[in-house]
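Below: final_10.pdb (PDB, C-alpha atoms and all ligand atoms)
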ATOM      1  CA  MET A   1     -92.931 -31.679 -62.498
ATOM      2  CA  LYS A   2     -93.044 -33.794 -59.287
ATOM      3  CA  ALA A   3     -89.307 -34.108 -58.775
ATOM      4  CA  PHE A   4     -86.135 -32.457 -60.017
ATOM      5  CA  THR A   5     -83.221 -34.718 -59.235
ATOM      6  CA  SER A   6     -81.568 -35.064 -62.660
ATOM      7  CA  VAL A   7     -81.814 -33.983 -66.294
ATOM      8  CA  ASN A   8     -84.210 -36.900 -66.809
ATOM      9  CA  ASP A   9     -86.943 -34.890 -65.075
ATOM     10  CA  VAL A  10     -86.815 -32.375 -67.948
ATOM     11  CA  SER A  11     -88.649 -33.262 -71.149
ATOM     12  CA  ASN A  12     -86.771 -30.853 -73.432
ATOM     13  CA  VAL A  13     -83.546 -29.167 -72.303
ATOM     14  CA  PRO A  14     -83.333 -26.435 -75.002
ATOM     15  CA  SER A  15     -86.906 -25.297 -74.331
ATOM     16  CA  PHE A  16     -86.383 -25.385 -70.533
ATOM     17  CA  ILE A  17     -83.350 -23.101 -71.068
ATOM     18  CA  LYS A  18     -85.548 -20.701 -73.059
ATOM     19  CA  GLU A  19     -88.123 -20.731 -70.268
ATOM     20  CA  ALA A  20     -85.451 -19.801 -67.699
ATOM     21  CA  LEU A  21     -84.175 -16.973 -69.909
ATOM     22  CA  LYS A  22     -87.726 -15.615 -70.168
ATOM     23  CA  LEU A  23     -87.943 -15.593 -66.362
ATOM     24  CA  LYS A  24     -84.664 -13.670 -66.298
ATOM     25  CA  GLN A  25     -86.330 -10.981 -68.452
ATOM     26  CA  ALA A  26     -89.397 -10.785 -66.177
ATOM     27  CA  PRO A  27     -88.564 -12.357 -62.789
ATOM     28  CA  PHE A  28     -91.770 -11.226 -61.061
ATOM     29  CA  ALA A  29     -94.240 -12.208 -63.798
ATOM     30  CA  PHE A  30     -95.449 -15.259 -61.832
ATOM     31  CA  GLN A  31     -95.617 -13.783 -58.291
ATOM     32  CA  HIS A  32     -99.179 -15.114 -57.908
ATOM     33  CA  LEU A  33     -98.114 -18.759 -58.366
ATOM     34  CA  GLY A  34     -96.370 -19.081 -55.015
ATOM     35  CA  LYS A  35     -98.933 -17.294 -52.840
ATOM     36  CA  ASN A  36     -99.359 -19.209 -49.556
ATOM     37  CA  LYS A  37     -96.986 -21.936 -50.721
ATOM     38  CA  THR A  38     -93.970 -22.887 -48.620
ATOM     39  CA  LEU A  39     -90.581 -24.057 -49.849
ATOM     40  CA  GLY A  40     -88.407 -25.832 -47.282
ATOM     41  CA  LEU A  41     -84.668 -25.931 -47.967
ATOM     42  CA  ILE A  42     -82.872 -28.609 -45.984
ATOM     43  CA  PHE A  43     -79.073 -28.685 -45.931
ATOM     44  CA  LEU A  44     -77.047 -31.635 -44.734
ATOM     45  CA  ASN A  45     -73.927 -29.862 -46.057
ATOM     46  CA  PRO A  46     -72.671 -26.273 -46.511
ATOM     47  CA  SER A  47     -74.016 -23.959 -49.219
ATOM     48  CA  LEU A  48     -73.801 -20.377 -50.424
ATOM     49  CA  ARG A  49     -75.159 -20.073 -53.971
ATOM     50  CA  THR A  50     -77.658 -22.914 -53.781
ATOM     51  CA  ARG A  51     -79.246 -21.603 -50.619
ATOM     52  CA  LEU A  52     -79.427 -17.947 -51.647
ATOM     53  CA  SER A  53     -80.327 -18.426 -55.312
ATOM     54  CA  THR A  54     -83.071 -20.964 -54.590
ATOM     55  CA  GLN A  55     -84.455 -18.770 -51.816
ATOM     56  CA  LYS A  56     -84.419 -15.784 -54.158
ATOM     57  CA  ALA A  57     -86.071 -17.794 -56.951
ATOM     58  CA  ALA A  58     -88.858 -18.805 -54.570
ATOM     59  CA  MET A  59     -89.316 -15.218 -53.401
ATOM     60  CA  ASN A  60     -89.525 -14.046 -57.034
ATOM     61  CA  LEU A  61     -92.437 -16.493 -57.408
ATOM     62  CA  GLY A  62     -94.150 -15.175 -54.274
ATOM     63  CA  MET A  63     -93.379 -18.244 -52.117
ATOM     64  CA  ASN A  64     -92.550 -18.362 -48.431
ATOM     65  CA  VAL A  65     -89.223 -20.031 -47.663
ATOM     66  CA  ILE A  66     -87.962 -21.830 -44.569
ATOM     67  CA  VAL A  67     -84.382 -23.034 -44.305
ATOM     68  CA  LEU A  68     -82.891 -25.641 -41.997
ATOM     69  CA  ASN A  69     -79.144 -26.287 -41.885
ATOM     70  CA  ILE A  70     -79.877 -29.654 -40.388
ATOM     71  CA  ASP A  71     -76.182 -30.611 -40.220
ATOM     72  CA  LYS A  72     -75.524 -27.718 -37.823
ATOM     73  CA  GLU A  73     -78.863 -26.882 -36.233
ATOM     74  CA  GLY A  74     -80.867 -30.107 -36.346
ATOM     75  CA  TRP A  75     -80.752 -33.429 -34.562
ATOM     76  CA  GLN A  76     -78.263 -35.933 -35.912
ATOM     77  CA  LEU A  77     -80.182 -38.095 -38.373
ATOM     78  CA  GLU A  78     -80.295 -41.884 -38.452
ATOM     79  CA  MET A  79     -80.384 -43.186 -42.029
ATOM     80  CA  GLN A  80     -80.539 -46.981 -41.456
ATOM     81  CA  ASP A  81     -83.906 -48.744 -41.399
ATOM     82  CA  SER A  82     -84.661 -50.637 -38.187
ATOM     83  CA  ALA A  83     -81.662 -49.106 -36.417
ATOM     84  CA  VAL A  84     -81.463 -49.440 -32.641
ATOM     85  CA  MET A  85     -80.812 -45.789 -31.930
ATOM     86  CA  ASN A  86     -78.734 -46.085 -28.781
ATOM     87  CA  GLY A  87     -75.751 -44.167 -30.191
ATOM     88  CA  THR A  88     -75.136 -40.661 -31.508
ATOM     89  CA  THR A  89     -78.082 -40.379 -33.918
ATOM     90  CA  VAL A  90     -81.151 -38.762 -32.370
ATOM     91  CA  GLU A  91     -83.883 -38.668 -35.037
ATOM     92  CA  HIS A  92     -84.685 -41.130 -37.804
ATOM     93  CA  VAL A  93     -84.807 -39.710 -41.333
ATOM     94  CA  LYS A  94     -88.323 -41.145 -41.743
ATOM     95  CA  ASP A  95     -89.603 -39.001 -38.868
ATOM     96  CA  ALA A  96     -87.678 -35.896 -39.913
ATOM     97  CA  ALA A  97     -88.657 -36.107 -43.606
ATOM     98  CA  THR A  98     -92.323 -36.839 -42.832
ATOM     99  CA  VAL A  99     -92.575 -33.801 -40.551
ATOM    100  CA  ILE A 100     -90.673 -31.512 -42.963
ATOM    101  CA  GLY A 101     -93.008 -32.610 -45.776
ATOM    102  CA  ASN A 102     -96.015 -31.745 -43.614
ATOM    103  CA  TYR A 103     -94.828 -28.177 -43.207
ATOM    104  CA  CYS A 104     -93.937 -27.628 -46.881
ATOM    105  CA  ASP A 105     -95.425 -27.653 -50.387
ATOM    106  CA  ILE A 106     -92.026 -28.225 -52.024
ATOM    107  CA  VAL A 107     -88.872 -29.527 -50.333
ATOM    108  CA  GLY A 108     -85.266 -28.965 -51.444
ATOM    109  CA  ILE A 109     -82.572 -31.215 -50.048
ATOM    110  CA  ARG A 110     -78.763 -31.148 -50.152
ATOM    111  CA  CYS A 111     -77.064 -34.430 -49.309
ATOM    112  CA  PHE A 112     -73.426 -34.863 -50.384
ATOM    113  CA  PRO A 113     -71.894 -38.323 -50.745
ATOM    114  CA  GLY A 114     -69.886 -39.815 -47.895
ATOM    115  CA  LEU A 115     -67.268 -40.875 -50.523
ATOM    116  CA  LYS A 116     -66.625 -44.042 -48.492
ATOM    117  CA  ASN A 117     -69.267 -46.432 -49.797
ATOM    118  CA  LYS A 118     -69.816 -46.237 -53.573
ATOM    119  CA  GLU A 119     -72.935 -48.387 -53.501
ATOM    120  CA  GLU A 120     -74.601 -46.261 -50.816
ATOM    121  CA  ASP A 121     -73.714 -43.004 -52.633
ATOM    122  CA  TYR A 122     -74.598 -44.170 -56.158
ATOM    123  CA  THR A 123     -77.983 -45.559 -55.121
ATOM    124  CA  GLU A 124     -78.735 -42.095 -53.664
ATOM    125  CA  SER A 125     -79.853 -43.689 -50.434
ATOM    126  CA  VAL A 126     -80.335 -40.418 -48.494
ATOM    127  CA  LEU A 127     -82.077 -38.532 -51.326
ATOM    128  CA  ASN A 128     -84.413 -41.461 -51.888
ATOM    129  CA  LYS A 129     -85.330 -41.631 -48.206
ATOM    130  CA  PHE A 130     -86.398 -37.976 -48.327
ATOM    131  CA  ILE A 131     -88.378 -38.604 -51.529
ATOM    132  CA  GLN A 132     -90.016 -41.641 -49.925
ATOM    133  CA  TYR A 133     -91.057 -39.934 -46.686
ATOM    134  CA  CYS A 134     -91.574 -36.230 -47.402
ATOM    135  CA  ASN A 135     -94.543 -36.850 -49.691
ATOM    136  CA  CYS A 136     -94.286 -33.628 -51.691
ATOM    137  CA  PRO A 137     -92.408 -32.416 -54.794
ATOM    138  CA  LEU A 138     -88.671 -32.523 -54.165
ATOM    139  CA  VAL A 139     -85.783 -30.544 -55.656
ATOM    140  CA  SER A 140     -82.223 -31.790 -55.399
ATOM    141  CA  LEU A 141     -79.896 -29.090 -54.085
ATOM    142  CA  GLU A 142     -76.952 -31.440 -54.913
ATOM    143  CA  SER A 143     -77.219 -35.079 -54.076
ATOM    144  CA  ALA A 144     -74.534 -37.750 -53.783
ATOM    145  CA  THR A 145     -74.112 -38.127 -57.539
ATOM    146  CA  LEU A 146     -75.713 -35.111 -59.275
ATOM    147  CA  HIS A 147     -76.157 -31.323 -59.035
ATOM    148  CA  PRO A 148     -78.919 -30.609 -61.554
ATOM    149  CA  LEU A 149     -79.640 -26.973 -60.572
ATOM    150  CA  GLN A 150     -75.974 -26.149 -61.138
ATOM    151  CA  SER A 151     -75.828 -27.880 -64.514
ATOM    152  CA  PHE A 152     -79.067 -26.267 -65.630
ATOM    153  CA  ALA A 153     -77.571 -22.836 -64.776
ATOM    154  CA  ASP A 154     -74.393 -23.831 -66.651
ATOM    155  CA  ALA A 155     -76.406 -24.824 -69.726
ATOM    156  CA  ILE A 156     -78.305 -21.510 -69.562
ATOM    157  CA  THR A 157     -74.988 -19.613 -69.319
ATOM    158  CA  ILE A 158     -73.506 -21.412 -72.328
ATOM    159  CA  ASN A 159     -76.646 -20.752 -74.349
ATOM    160  CA  GLU A 160     -76.591 -17.049 -73.406
ATOM    161  CA  HIS A 161     -72.954 -16.571 -74.353
ATOM    162  CA  TRP A 162     -72.961 -18.459 -77.649
ATOM    163  CA  LYS A 163     -73.535 -15.852 -80.346
ATOM    164  CA  LYS A 164     -72.312 -17.785 -83.397
ATOM    165  CA  SER A 165     -74.187 -20.302 -85.502
ATOM    166  CA  GLY A 166     -73.580 -24.026 -85.169
ATOM    167  CA  LYS A 167     -72.722 -25.880 -81.989
ATOM    168  CA  PRO A 168     -70.155 -24.556 -79.514
ATOM    169  CA  LYS A 169     -67.355 -26.855 -78.405
ATOM    170  CA  VAL A 170     -67.600 -27.422 -74.649
ATOM    171  CA  VAL A 171     -64.746 -29.043 -72.701
ATOM    172  CA  LEU A 172     -65.013 -30.385 -69.154
ATOM    173  CA  THR A 173     -61.493 -30.475 -67.744
ATOM    174  CA  TRP A 174     -60.468 -32.047 -64.433
ATOM    175  CA  ALA A 175     -58.684 -29.628 -62.105
ATOM    176  CA  PRO A 176     -56.349 -30.297 -59.172
ATOM    177  CA  HIS A 177     -57.544 -30.001 -55.554
ATOM    178  CA  ILE A 178     -56.222 -30.613 -52.079
ATOM    179  CA  LYS A 179     -58.977 -32.959 -50.920
ATOM    180  CA  PRO A 180     -61.352 -35.538 -52.403
ATOM    181  CA  LEU A 181     -64.521 -33.889 -53.785
ATOM    182  CA  PRO A 182     -67.771 -35.471 -55.029
ATOM    183  CA  GLN A 183     -68.194 -36.403 -58.697
ATOM    184  CA  ALA A 184     -71.677 -34.822 -58.630
ATOM    185  CA  VAL A 185     -70.984 -31.553 -60.467
ATOM    186  CA  ALA A 186     -69.059 -33.352 -63.214
ATOM    187  CA  ASN A 187     -71.572 -36.223 -63.599
ATOM    188  CA  SER A 188     -74.410 -33.759 -63.805
ATOM    189  CA  PHE A 189     -72.651 -31.420 -66.265
ATOM    190  CA  VAL A 190     -72.014 -34.425 -68.529
ATOM    191  CA  GLN A 191     -75.708 -35.399 -68.409
ATOM    192  CA  TRP A 192     -76.872 -31.889 -69.342
ATOM    193  CA  MET A 193     -74.285 -31.371 -72.078
ATOM    194  CA  LEU A 194     -75.261 -34.676 -73.704
ATOM    195  CA  LYS A 195     -78.816 -33.329 -73.941
ATOM    196  CA  SER A 196     -77.795 -29.853 -75.170
ATOM    197  CA  GLU A 197     -76.934 -28.583 -78.630
ATOM    198  CA  VAL A 198     -73.146 -28.673 -78.090
ATOM    199  CA  ASP A 199     -70.070 -30.589 -79.181
ATOM    200  CA  PHE A 200     -68.802 -32.007 -75.891
ATOM    201  CA  VAL A 201     -65.521 -33.549 -74.715
ATOM    202  CA  ILE A 202     -64.269 -34.567 -71.261
ATOM    203  CA  THR A 203     -60.590 -34.538 -70.345
ATOM    204  CA  HIS A 204     -59.067 -35.910 -67.144
ATOM    205  CA  PRO A 205     -55.992 -37.827 -65.936
ATOM    206  CA  GLN A 206     -55.893 -41.636 -65.803
ATOM    207  CA  GLY A 207     -57.696 -42.881 -62.718
ATOM    208  CA  TYR A 208     -60.322 -40.117 -62.737
ATOM    209  CA  GLU A 209     -62.816 -41.799 -65.109
ATOM    210  CA  LEU A 210     -66.390 -40.881 -64.189
ATOM    211  CA  ALA A 211     -69.141 -43.477 -63.814
ATOM    212  CA  GLU A 212     -69.983 -45.032 -67.167
ATOM    213  CA  GLN A 213     -73.698 -44.620 -66.510
ATOM    214  CA  PHE A 214     -73.105 -40.891 -67.150
ATOM    215  CA  THR A 215     -70.287 -40.906 -69.712
ATOM    216  CA  LYS A 216     -71.240 -43.778 -72.021
ATOM    217  CA  ASN A 217     -72.122 -41.467 -74.940
ATOM    218  CA  ALA A 218     -69.451 -38.845 -74.255
ATOM    219  CA  LYS A 219     -66.087 -38.244 -75.932
ATOM    220  CA  ILE A 220     -63.165 -38.618 -73.536
ATOM    221  CA  ASN A 221     -59.623 -37.472 -74.311
ATOM    222  CA  TYR A 222     -56.833 -38.033 -71.778
ATOM    223  CA  ASP A 223     -54.687 -35.368 -73.500
ATOM    224  CA  GLN A 224     -55.790 -32.052 -72.007
ATOM    225  CA  GLN A 225     -54.074 -29.842 -74.590
ATOM    226  CA  GLU A 226     -55.600 -31.803 -77.445
ATOM    227  CA  ALA A 227     -59.063 -31.688 -75.844
ATOM    228  CA  LEU A 228     -58.813 -27.911 -75.419
ATOM    229  CA  GLN A 229     -58.197 -27.329 -79.134
ATOM    230  CA  GLY A 230     -60.948 -25.160 -80.622
ATOM    231  CA  ALA A 231     -62.824 -24.915 -77.300
ATOM    232  CA  ASP A 232     -65.514 -22.251 -76.934
ATOM    233  CA  PHE A 233     -66.366 -23.039 -73.296
ATOM    234  CA  ILE A 234     -63.987 -24.667 -70.811
ATOM    235  CA  TYR A 235     -65.457 -25.960 -67.562
ATOM    236  CA  ALA A 236     -62.825 -26.656 -64.905
ATOM    237  CA  LYS A 237     -63.798 -28.846 -61.955
ATOM    238  CA  ASN A 238     -62.113 -31.238 -59.589
ATOM    239  CA  TRP A 239     -63.571 -34.586 -58.652
ATOM    240  CA  SER A 240     -62.198 -37.549 -56.732
ATOM    241  CA  SER A 241     -61.730 -40.981 -58.273
ATOM    242  CA  PHE A 242     -64.831 -43.038 -59.011
ATOM    243  CA  THR A 243     -63.012 -46.270 -59.823
ATOM    244  CA  SER A 244     -60.789 -46.134 -56.751
ATOM    245  CA  TYR A 245     -63.723 -44.652 -54.934
ATOM    246  CA  GLY A 246     -63.234 -41.349 -53.097
ATOM    247  CA  THR A 247     -59.429 -41.390 -53.372
ATOM    248  CA  MET A 248     -57.040 -39.005 -55.134
ATOM    249  CA  PRO A 249     -54.709 -41.042 -57.364
ATOM    250  CA  ASP A 250     -51.386 -39.279 -58.076
ATOM    251  CA  VAL A 251     -51.279 -37.063 -61.137
ATOM    252  CA  LYS A 252     -47.875 -36.345 -62.675
ATOM    253  CA  GLU A 253     -48.659 -33.536 -65.141
ATOM    254  CA  ASP A 254     -49.948 -30.108 -64.132
ATOM    255  CA  TRP A 255     -53.690 -30.088 -64.836
ATOM    256  CA  MET A 256     -54.425 -26.544 -63.669
ATOM    257  CA  LEU A 257     -55.754 -24.456 -66.543
ATOM    258  CA  THR A 258     -53.402 -21.575 -67.410
ATOM    259  CA  PRO A 259     -53.505 -18.651 -69.877
ATOM    260  CA  GLU A 260     -50.657 -20.407 -71.749
ATOM    261  CA  LYS A 261     -52.807 -23.506 -72.299
ATOM    262  CA  LEU A 262     -55.491 -21.250 -73.810
ATOM    263  CA  LYS A 263     -53.153 -19.382 -76.200
ATOM    264  CA  ALA A 264     -54.606 -21.217 -79.194
ATOM    265  CA  THR A 265     -58.196 -20.469 -78.085
ATOM    266  CA  PRO A 266     -58.077 -16.856 -76.827
ATOM    267  CA  ASP A 267     -61.861 -16.441 -77.137
ATOM    268  CA  ALA A 268     -62.707 -19.482 -75.020
ATOM    269  CA  LYS A 269     -64.835 -18.764 -71.948
ATOM    270  CA  VAL A 270     -63.795 -20.236 -68.610
ATOM    271  CA  MET A 271     -66.365 -21.710 -66.236
ATOM    272  CA  HIS A 272     -66.440 -23.091 -62.689
ATOM    273  CA  CYS A 273     -69.407 -23.757 -60.421
ATOM    274  CA  LEU A 274     -67.790 -22.154 -57.319
ATOM    275  CA  PRO A 275     -66.591 -22.385 -54.631
ATOM    276  CA  VAL A 276     -63.195 -22.449 -56.344
ATOM    277  CA  ARG A 277     -59.821 -22.953 -54.690
ATOM    278  CA  ARG A 278     -58.090 -20.054 -56.418
ATOM    279  CA  ASN A 279     -54.623 -20.788 -57.805
ATOM    280  CA  VAL A 280     -55.071 -24.510 -57.093
ATOM    281  CA  GLU A 281     -58.002 -25.395 -59.377
ATOM    282  CA  VAL A 282     -57.958 -22.284 -61.593
ATOM    283  CA  PRO A 283     -55.561 -19.289 -61.424
ATOM    284  CA  ASP A 284     -56.666 -15.726 -60.604
ATOM    285  CA  SER A 285     -55.411 -14.708 -64.052
ATOM    286  CA  LEU A 286     -58.281 -16.681 -65.630
ATOM    287  CA  LEU A 287     -60.960 -16.310 -62.940
ATOM    288  CA  ASP A 288     -60.585 -12.510 -62.968
ATOM    289  CA  SER A 289     -60.183 -12.157 -66.743
ATOM    290  CA  PRO A 290     -62.854 -11.082 -69.247
ATOM    291  CA  SER A 291     -63.043 -14.757 -70.335
ATOM    292  CA  SER A 292     -64.484 -15.803 -66.973
ATOM    293  CA  LEU A 293     -68.191 -16.657 -66.708
ATOM    294  CA  ILE A 294     -68.140 -17.680 -63.031
ATOM    295  CA  TYR A 295     -70.407 -14.860 -61.842
ATOM    296  CA  ASN A 296     -72.763 -15.286 -64.814
ATOM    297  CA  GLN A 297     -73.157 -18.947 -63.844
ATOM    298  CA  ALA A 298     -73.900 -17.963 -60.248
ATOM    299  CA  GLU A 299     -76.463 -15.357 -61.389
ATOM    300  CA  ASN A 300     -78.228 -17.910 -63.558
ATOM    301  CA  ARG A 301     -78.664 -20.225 -60.573
ATOM    302  CA  VAL A 302     -81.648 -18.010 -59.663
ATOM    303  CA  TYR A 303     -83.409 -18.517 -62.996
ATOM    304  CA  ALA A 304     -82.624 -22.215 -63.144
ATOM    305  CA  ALA A 305     -84.215 -22.674 -59.721
ATOM    306  CA  GLN A 306     -87.090 -20.390 -60.680
ATOM    307  CA  ALA A 307     -87.909 -22.408 -63.822
ATOM    308  CA  VAL A 308     -87.961 -25.603 -61.741
ATOM    309  CA  LEU A 309     -90.109 -24.179 -58.933
ATOM    310  CA  LYS A 310     -92.483 -22.560 -61.432
ATOM    311  CA  ASN A 311     -93.027 -25.907 -63.159
ATOM    312  CA  MET A 312     -93.689 -27.592 -59.836
ATOM    313  CA  LEU A 313     -96.138 -24.903 -58.727
ATOM    314  CA  GLU A 314     -97.956 -25.203 -62.051
ATOM    315  CA  SER A 315     -98.383 -28.932 -61.775
ATOM    316  CA  ASN A 316    -101.243 -28.577 -59.268
ATOM    317  CA  PHE A 317    -100.107 -30.839 -56.499
TER     318      PHE A 317
HETATM  319  C1  LIG B 401     -68.816 -29.217 -53.695
HETATM  320  C2  LIG B 401     -68.604 -30.244 -54.808
HETATM  321  O1  LIG B 401     -69.507 -31.063 -55.063
HETATM  322  O2  LIG B 401     -67.532 -30.226 -55.437
HETATM  323  C3  LIG B 401     -69.909 -28.245 -54.065
HETATM  324  C4  LIG B 401     -69.812 -27.594 -55.406
HETATM  325  C5  LIG B 401     -71.003 -26.803 -55.811
HETATM  326  N1  LIG B 401     -67.610 -28.483 -53.460
HETATM  327  C6  LIG B 401     -66.910 -28.597 -52.342
HETATM  328  O3  LIG B 401     -67.269 -29.367 -51.476
HETATM  329  C7  LIG B 401     -65.660 -27.739 -52.184
HETATM  330  C8  LIG B 401     -64.971 -27.989 -50.888
HETATM  331  C9  LIG B 401     -63.568 -27.437 -50.819
HETATM  332  O4  LIG B 401     -62.960 -27.685 -49.766
HETATM  333  O5  LIG B 401     -63.060 -26.807 -51.741
END
Can you turn what I pasted into structure tokens?
Ligand code: SN0
Amino acid sequence: MKAFTSVNDVSNVPSFIKEALKLKQAPFAFQHLGKNKTLGLIFLNPSLRTRLSTQKAAMNLGMNVIVLNIDKEGWQLEMQDSAVMNGTTVEHVKDAATVIGNYCDIVGIRCFPGLKNKEEDYTESVLNKFIQYCNCPLVSLESATLHPLQSFADAITINEHWKKSGKPKVVLTWAPHIKPLPQAVANSFVQWMLKSEVDFVITHPQGYELAEQFTKNAKINYDQQEALQGADFIYAKNWSSFTSYGTMPDVKEDWMLTPEKLKATPDAKVMHCLPVRRNVEVPDSLLDSPSSLIYNQAENRVYAAQAVLKNMLESNF
């Protein structure tokens, strides 16, 4: 594996999930693989789980890890080619990424979308600049449009908690928020669910349609209550509008998940990637209930990252 930026870098999702679950059973079994190898984690945006779980995954594999919160501690990066840098930007991304790549064997990069320019975000212009210049295997730690480590951990969690035969019904439901958020977690979850052994449906208000490049084979139901019928796993997540890019079109009905909405499906598990705005996106009564898988998802971030790093270390770069 040379890059991990989307589900398309994985040849077989069910077997990759099994590999991660094996690592969970024996996290230190491949300590030798990372000896004298350095992982660099570069953050252009805040992080809690991604930073700590990826760092822990690397340590479980015997790697050294260096972290740079470049948004807070680095020079302000220039992203435009041929820019005349006489303003606020201090270092060009081509210089920064080349140097970072020199110090590292694998690089992880977090680069959220600006949510202003759809074209710039959806062509992954920042991620691609790092790929172009860092010249070593690269892991996305959430890019403008996707969050593959999160979705991999979500797929692992669903697999772990599905004890019945047949396919579970998985529902992705839009949740309210106070500010415009990226579509990355939702786009990515859709991609992974469409490649998993699940029956999948997306529900969201009018105006919150995700990019068709991700949803073209997915079922979409604008009626939340109908979509929730018979659900085994319910993933709540906010995202801002894709069509009216980066805005928050008005929503009349109350889209927050409640215990009442789940009366017909009392065994359904509730998921969220965190951080969650409690009692705005999802109420305490669900997040703190036995139905909640939020901490299981966070725990599995370690093994998702570990499966990815292990595959990269094994590919003899
Ligand atoms: C990010 C997102 O893509 O939705 C990261 C999720 C893993 N979430 C946020 O930026 C939340 C910010 C907030 O103010 O709630």
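Take the PyMOL selection byres (((chain A and resi 21) around 10) and not hetatm) and apply it to this file: it picks Ser15, Phe16, Ile17, Lys18, Glu19, Ala20, Lys22, Leu23, Lys24, Gln25, Ala26, Pro27, Ile156, Thr157, Asn159, Glu160, Asn300, Tyr303, Ala304 and Ala307 of chain A.
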If you count only C-alpha atoms, which residues fall within 10 Å of Ala264 (chain A), apart from same-chain ones fewer than 6 positions away, as number ranges by chain? A: 225, 228-231
Go ahead and fit an axis-aligned box to every listed atom of ligand LIG 401 (chain B) plus 4 Å each side, and pass me the centre and edge lengths in Å, one decimal, as JSON.
{"center_x": -67.0, "center_y": -28.9, "center_z": -52.8, "size_x": 16.0, "size_y": 12.3, "size_z": 14.0}
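Each of A:Val276, A:Val185, A:Ser140, A:Glu314 was checked against Met1 (chain A) using all atoms listed in the file; the smallest atom-to-atom distance is that of A:Glu314.
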Once the PyMOL selection byres (((not hetatm)) within 7 of (chain B and resi 401)) has been applied to the shown file, what residues remain in the selection, as number ranges by chain? A: 179, 181-185, 238-239, 273-277
For the selection just defined, write its residues with C-alpha atoms to a file, as an mmCIF file, keeping the file's coordinate frame.
data_model
loop_
_atom_site.group_PDB
_atom_site.id
_atom_site.type_symbol
_atom_site.label_atom_id
_atom_site.label_comp_id
_atom_site.auth_asym_id
_atom_site.auth_seq_id
_atom_site.Cartn_x
_atom_site.Cartn_y
_atom_site.Cartn_z
ATOM 1 C CA LYS A 179 -58.977 -32.959 -50.920
ATOM 2 C CA LEU A 181 -64.521 -33.889 -53.785
ATOM 3 C CA PRO A 182 -67.771 -35.471 -55.029
ATOM 4 C CA GLN A 183 -68.194 -36.403 -58.697
ATOM 5 C CA ALA A 184 -71.677 -34.822 -58.630
ATOM 6 C CA VAL A 185 -70.984 -31.553 -60.467
ATOM 7 C CA ASN A 238 -62.113 -31.238 -59.589
ATOM 8 C CA TRP A 239 -63.571 -34.586 -58.652
ATOM 9 C CA CYS A 273 -69.407 -23.757 -60.421
ATOM 10 C CA LEU A 274 -67.790 -22.154 -57.319
ATOM 11 C CA PRO A 275 -66.591 -22.385 -54.631
ATOM 12 C CA VAL A 276 -63.195 -22.449 -56.344
ATOM 13 C CA ARG A 277 -59.821 -22.953 -54.690
#
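Taking CA of Pro283 (chain A) and CA of Pro180 (chain A) as the two end points, the separation is 19.5 Å.
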Care to translate the PyMOL selection byres (((chain A and resi 86-92) around 6) and not hetatm) into actual residues of this file, as number ranges by chain? A: 75-78, 84-85, 93-95
Please list as a ChimeraX atom specification every residue within 12 Å of Leu262 (chain A), counting only C-alpha atoms and excluding residues in the same chain fewer than 2 positions away. /A:224-234,256-260,264-270,285-286,291
Please list as a PDB file with C-alpha atoms, in the coordinates of the input every residue within 9 Å of Thr98 (chain A), counting all atoms listed in the file and excluding residues in the same chain fewer than 6 positions away.
ATOM      1  CA  PHE A 130     -86.398 -37.976 -48.327  1.00  0.00           C
ATOM      2  CA  GLN A 132     -90.016 -41.641 -49.925  1.00  0.00           C
ATOM      3  CA  TYR A 133     -91.057 -39.934 -46.686  1.00  0.00           C
ATOM      4  CA  CYS A 134     -91.574 -36.230 -47.402  1.00  0.00           C
ATOM      5  CA  ASN A 135     -94.543 -36.850 -49.691  1.00  0.00           C
TER       6      ASN A 135
END
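Those residues positioned at most 6 Å from (-68.1, -37.0, -72.2) are Val190, Val201, Ile202, Thr215, Ala218, Lys219 and Ile220 of chain A, judged using all atoms listed in the file.
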Of the candidates A:Val10, A:Leu115, A:Leu52, A:Val302, which shows the shortest atom-to-atom distance to Gln191 (chain A), using only C-alpha atoms?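 The shortest atom-to-atom distance to Gln191 (chain A) comes from A:Val10.
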Please report the interatomic distance between CA of Ser196 (chain A) and CA of Pro176 (chain A) in Å with one decimal. 26.8 Å
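Across the model, the gap from CA of Arg110 (chain A) to CA of Glu124 (chain A) is 11.5 Å.
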Hey, could you make a per-residue contact list for region 209-229 of chain A against region 245-251 of chain A with 12 Å as the cut-off, showing the nearest pair of atoms and its distance in Å to one decimal, counting all atoms listed in the file, sorted by chain and number, as a tab-separated table?
residue	atom	partner	partner_atom	distance
A:Glu209	CA	A:Tyr245	CA	10.6
A:Leu210	CA	A:Tyr245	CA	10.3
A:Ala211	CA	A:Tyr245	CA	10.5
Atoms to include: C-alpha atoms. Write the selected residues as a CSV table (one decimal), keeping the file's coordinate frame.
chain,number,residue,atom,x,y,z
A,209,GLU,CA,-62.8,-41.8,-65.1
A,210,LEU,CA,-66.4,-40.9,-64.2
A,211,ALA,CA,-69.1,-43.5,-63.8
Which residue is closest to Thr145 (chain A)? Choose from A:His204, A:Asp223, A:Phe242, A:Leu194 and count all atoms listed in the file.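 Result for the nearest residue to Thr145 (chain A): A:Phe242.
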